[in-house]
Amino acid sequence: MINHPIPKQPHPVISYFRVGKLLYYSLFLFILESLFFFVLLTRSLEREAAWWVSAIWLVCFIFAFIHIFLVMADGWSRYQNYKRAKDLFYEHGYRDRIARLYIESKCQRNAALVAAEELGVRMEVEEYYRKRGVKWHHFIPYFMVRDPLFFFRKQFWNRTFLEKSYTPKYDYKQLELQPVA
């Protein structure tokens, strides 16, 4: 268990957005991109442009539109990572092996860092990632570099977009009010 007072806990909605802030920036961009390509598609159809021009705008629109839902699913999965990481850090304190579970991608690391911050152990997690060679600009998940065929792996889909719902074991709002034993 954490053996120091738990910092004031934010509302779960605040944590949700903090965990996925990079994803929600990209969500906003995909929404704008979808609107842009939708306008280009409708204009090409109204002007009866060559079929291939409309097909290009349709493919671009579908690509951007699908990404809206993928980003939302990814954000939900990262929030599940956050809840699990927070429980693990609370139960065991800071441990390298817990931080290692979330090292694979920028979004997973961010989920662990937000959980660690809310329990007062963020500096230890940051130090571990720094020692492991993680840089601020490592946005591409490491598994994508190691395995270019990741897209065809069930684990990619399950871990990235279909993470199982996790119910926290502790009520951190109540724990922040309790003195440390």
# chains A, B, ... in the order shown; residues from 1 in each chain; ligands from 1

$ residues_around --residues "region 105-108 of chain A" --least-positions-apart "5" --cutoff "12 Å" --atoms "only C-alpha atoms" --output "number ranges by chain"
A: 17-24, 71, 74-85, 98-100, 113-115, 129, 134-145, 156, 159-160, 163

$ write_last_selection --atoms "C-alpha atoms" --output "short mmCIF file (atom, residue, chain, number, x, y, z; two decimals), in the first residue's frame"
data_model
loop_
_atom_site.label_atom_id
_atom_site.label_comp_id
_atom_site.auth_asym_id
_atom_site.auth_seq_id
_atom_site.Cartn_x
_atom_site.Cartn_y
_atom_site.Cartn_z
CA PHE A 17 -9.49 13.59 -20.28
CA ARG A 18 -6.02 13.88 -18.74
CA VAL A 19 -5.29 10.24 -19.60
CA GLY A 20 -6.29 10.64 -23.25
CA LYS A 21 -5.38 14.28 -23.89
CA LEU A 22 -3.21 13.48 -26.93
CA LEU A 23 -5.92 11.23 -28.29
CA TYR A 24 -8.58 13.90 -27.87
CA VAL A 71 -9.55 7.27 -31.28
CA ASP A 74 -8.37 3.94 -27.81
CA GLY A 75 -9.16 6.65 -25.25
CA TRP A 76 -11.58 4.36 -23.45
CA SER A 77 -8.95 1.58 -23.41
CA ARG A 78 -6.31 3.93 -22.01
CA TYR A 79 -8.72 4.92 -19.24
CA GLN A 80 -9.02 1.22 -18.33
CA ASN A 81 -5.18 1.09 -18.22
CA TYR A 82 -5.20 4.13 -15.94
CA LYS A 83 -7.67 2.57 -13.48
CA ARG A 84 -5.70 -0.69 -13.34
CA ALA A 85 -2.35 1.13 -12.98
CA ILE A 98 4.15 -2.01 -12.83
CA ALA A 99 5.59 0.90 -14.84
CA ARG A 100 6.97 -1.64 -17.37
CA LEU A 113 1.83 8.68 -15.37
CA VAL A 114 -1.59 10.19 -14.62
CA ALA A 115 -2.36 7.32 -12.23
CA TYR A 129 10.95 5.59 -18.22
CA VAL A 134 11.94 6.66 -23.37
CA LYS A 135 11.98 10.16 -24.86
CA TRP A 136 9.18 12.73 -25.03
CA HIS A 137 9.02 12.34 -28.82
CA HIS A 138 8.45 8.56 -28.79
CA PHE A 139 4.89 8.70 -30.11
CA ILE A 140 4.95 5.58 -32.28
CA PRO A 141 4.31 2.53 -30.08
CA TYR A 142 7.36 0.31 -29.77
CA PHE A 143 5.46 -2.80 -30.87
CA MET A 144 4.72 -1.13 -34.23
CA VAL A 145 8.44 -0.72 -34.87
CA PHE A 156 -3.09 -5.28 -31.15
CA ARG A 159 -4.93 -4.09 -26.29
CA THR A 160 -5.48 -0.93 -28.33
CA GLU A 163 -9.43 -3.34 -23.48
#

$ residues_around --residues "Ala116 (chain A)" --least-positions-apart "5" --cutoff "10 Å" --atoms "only C-alpha atoms" --output "list in words"
Tyr82, Ala85, Lys86, Asp87, Leu88, Phe89, Tyr90, Gly93, Tyr94, Ala99, Asn110, Ala111, Val121, Arg122, Met123, Glu124, Val125 and Glu126 of chain A

$ select_by_dssp --residues "chain A" --states "helix (DSSP H, G or I)" --output "count of residues only"
124

$ atom_distance --atom1 "CA of Cys60 (chain A)" --atom2 "CA of Phe37 (chain A)"
6.4 Å

$ atom_distance --atom1 "CA of Val53 (chain A)" --atom2 "CA of Phe151 (chain A)"
28.1 Å

$ residues_around --residues "Phe63 (chain A)" --least-positions-apart "6" --cutoff "10 Å" --atoms "only C-alpha atoms" --output "list in words"
Phe30, Glu33, Ser34, Phe37 and Trp57 of chain A

$ write_last_selection --atoms "C-alpha atoms" --output "mmCIF file, in the first residue's frame"
data_model
loop_
_atom_site.group_PDB
_atom_site.id
_atom_site.type_symbol
_atom_site.label_atom_id
_atom_site.label_comp_id
_atom_site.auth_asym_id
_atom_site.auth_seq_id
_atom_site.Cartn_x
_atom_site.Cartn_y
_atom_site.Cartn_z
ATOM 1 C CA PHE A 30 -10.035 13.840 -37.340
ATOM 2 C CA GLU A 33 -10.522 16.352 -41.457
ATOM 3 C CA SER A 34 -13.755 14.382 -41.917
ATOM 4 C CA PHE A 37 -13.200 15.645 -46.976
ATOM 5 C CA TRP A 57 -12.516 12.035 -51.646
#
